[in-house]
Amino acid sequence: MSFTLPALPYALDALEPFIDATTMQIHHGKHHQAYVDNLNKAIAGTPNEGKTLEELVAVAGTISPAVRNNGGGHWNHTFFWESLAPHTGSSLPTGAIADAITAAFGSFDVFKEKFAAAGATRFGSGWAWLIVKDGKLEISSTPNQDNPLMDVAEVKGTPILGVDVWEHAYYLKYQNRRPEYLGAIWNVINWAKVAERFAASK
């Protein structure tokens, strides 16, 4: 069983002007495709060949760097695309997830500040995450293509939102201004999907 690149759930230009179409084309069609291709090569003819992506990610610390990095890259990017949606005029969570964010962080604005800080201060390449840990919301970050589902994660939990802070995610539009990208991305967060994941985590 080989892995395949999932189609984007929206057009390449659907996240404009916050994430440009050229970045999406390269990020999805080139970077994500490369993770899929390299993962398939790394598992071919090995005991990992029949495992699910979730099974591979869960034991990242015991598998080869090629499977860990490319498996993580495939999982993280698939999760990321689903975390985004075209801007509809409202960029706020509602319902249970909104209440949980307020309970955990005091307000949505404080949450945004803390999440942006986790992404901005991640040295080099990596990810910022909103996770459910022991029934509560926490913010974390991981290096490279690691994620909170991995046995090697500093902070383990169930991700409900992840934002890519590798330079290829934002450099064409924002250059070295990662904080600006992290500010703009709130306009295209798919809060319905985040709420769905939050509900499923209970």
# chains A, B, ... in the order shown; residues from 1 in each chain; ligands from 1

call {"tool": "residues_around", "arguments": {"residues": "range 119-124 of chain A", "least_positions_apart": "6", "cutoff": "9 Å", "atoms": "only C-alpha atoms", "output": "JSON, numbers by chain"}}
result
{"A": [140, 141, 142, 143, 144, 163, 164, 165, 166, 167, 178, 179, 182]}

call {"tool": "residues_around", "arguments": {"residues": "range 69-82 of chain A", "least_positions_apart": "4", "cutoff": "8 Å", "atoms": "only C-alpha atoms", "output": "list in words"}}
result
Pro6, Leu8, Pro9, His32, Tyr35, Val36, Asn38, Leu39, Leu53, Glu54, Leu56, Val57, Pro65, Asn144, Gln145, Asp146, Asn147, Leu161, Gly162, Val163, Asp164, Asn190 and Lys193 of chain A

call {"tool": "closest_residue", "arguments": {"among": "A:Gly45, A:Gly50, A:Pro17, A:Gly135", "to": "Val188 in chain A", "atoms": "only C-alpha atoms"}}
result
A:Pro17

call {"tool": "select_by_dssp", "arguments": {"residues": "range 29-144 of chain A", "states": "strand (DSSP E or B)", "output": "JSON, numbers by chain"}}
result
{"A": [84, 126, 127, 128, 129, 130, 131, 132, 133, 136, 137, 138, 139, 140, 141, 142, 143]}

call {"tool": "residues_around", "arguments": {"residues": "range 100-109 of chain A", "least_positions_apart": "6", "cutoff": "10 Å", "atoms": "only C-alpha atoms", "output": "list in words"}}
result
Leu92, Pro93, Thr94, Phe115, Leu130, Lys136, Leu137, Glu138, Ile139 and Phe198 of chain A

call {"tool": "select_by_dssp", "arguments": {"residues": "range 110-161 of chain A", "states": "alpha helix (DSSP H)", "output": "count of residues only"}}
result
11

call {"tool": "residues_around", "arguments": {"residues": "range 85-87 of chain A", "least_positions_apart": "5", "cutoff": "8 Å", "atoms": "only C-alpha atoms", "output": "PyMOL selection string"}}
result
chain A and resi 10+14-16+187-190

call {"tool": "write_last_selection", "arguments": {"atoms": "N, CA and C atoms", "output": "PDB file, in the first residue's frame"}}
result
ATOM      1  N   TYR A  10      -9.745  23.001  -1.522  1.00  0.00           N
ATOM      2  CA  TYR A  10     -10.102  24.315  -2.070  1.00  0.00           C
ATOM      3  C   TYR A  10      -9.130  24.615  -3.199  1.00  0.00           C
ATOM      4  N   ALA A  14      -7.564  30.084  -3.245  1.00  0.00           N
ATOM      5  CA  ALA A  14      -8.696  30.301  -2.347  1.00  0.00           C
ATOM      6  C   ALA A  14      -8.318  31.002  -1.047  1.00  0.00           C
ATOM      7  N   LEU A  15      -7.044  30.962  -0.690  1.00  0.00           N
ATOM      8  CA  LEU A  15      -6.616  31.561   0.572  1.00  0.00           C
ATOM      9  C   LEU A  15      -6.010  32.947   0.379  1.00  0.00           C
ATOM     10  N   GLU A  16      -6.044  33.441  -0.854  1.00  0.00           N
ATOM     11  CA  GLU A  16      -5.583  34.807  -1.132  1.00  0.00           C
ATOM     12  C   GLU A  16      -6.433  35.807  -0.341  1.00  0.00           C
ATOM     13  N   ASN A 187      -6.871  34.627   9.500  1.00  0.00           N
ATOM     14  CA  ASN A 187      -7.963  34.929   8.565  1.00  0.00           C
ATOM     15  C   ASN A 187      -8.449  33.708   7.805  1.00  0.00           C
ATOM     16  N   VAL A 188      -7.644  32.656   7.773  1.00  0.00           N
ATOM     17  CA  VAL A 188      -8.004  31.471   6.975  1.00  0.00           C
ATOM     18  C   VAL A 188      -7.990  30.174   7.793  1.00  0.00           C
ATOM     19  N   ILE A 189      -8.097  30.283   9.104  1.00  0.00           N
ATOM     20  CA  ILE A 189      -8.205  29.079   9.936  1.00  0.00           C
ATOM     21  C   ILE A 189      -9.618  28.506   9.794  1.00  0.00           C
ATOM     22  N   ASN A 190      -9.690  27.210   9.618  1.00  0.00           N
ATOM     23  CA  ASN A 190     -10.965  26.511   9.485  1.00  0.00           C
ATOM     24  C   ASN A 190     -11.455  26.119  10.881  1.00  0.00           C
TER      25      ASN A 190
END

call {"tool": "residues_around", "arguments": {"residues": "Ile160 in chain A", "least_positions_apart": "4", "cutoff": "8 Å", "atoms": "only C-alpha atoms", "output": "list in words"}}
result
Trp129, Leu130, Ile131, Val132, Val194, Ala195, Arg197 and Phe198 of chain A

call {"tool": "closest_residue", "arguments": {"among": "A:Thr23, A:Lys114, A:Ile97, A:Thr62", "to": "Gln175 in chain A", "atoms": "only C-alpha atoms"}}
result
A:Thr23

call {"tool": "residues_around", "arguments": {"residues": "Met24 in chain A", "least_positions_apart": "2", "cutoff": "9 Å", "atoms": "only C-alpha atoms", "output": "JSON, numbers by chain"}}
result
{"A": [12, 13, 15, 19, 20, 21, 22, 26, 27, 28, 29, 169]}

call {"tool": "atom_distance", "arguments": {"atom1": "CA of Ala66 in chain A", "atom2": "CA of Ile43 in chain A"}}
result
8.9 Å

call {"tool": "closest_residue", "arguments": {"among": "A:Val155, A:Val67, A:Ala200, A:Ala192", "to": "Lys51 in chain A", "atoms": "only C-alpha atoms"}}
result
A:Val67

call {"tool": "closest_residue", "arguments": {"among": "A:Ala44, A:Ala117, A:Leu84, A:Met150", "to": "Phe3 in chain A", "atoms": "only C-alpha atoms"}}
result
A:Ala44
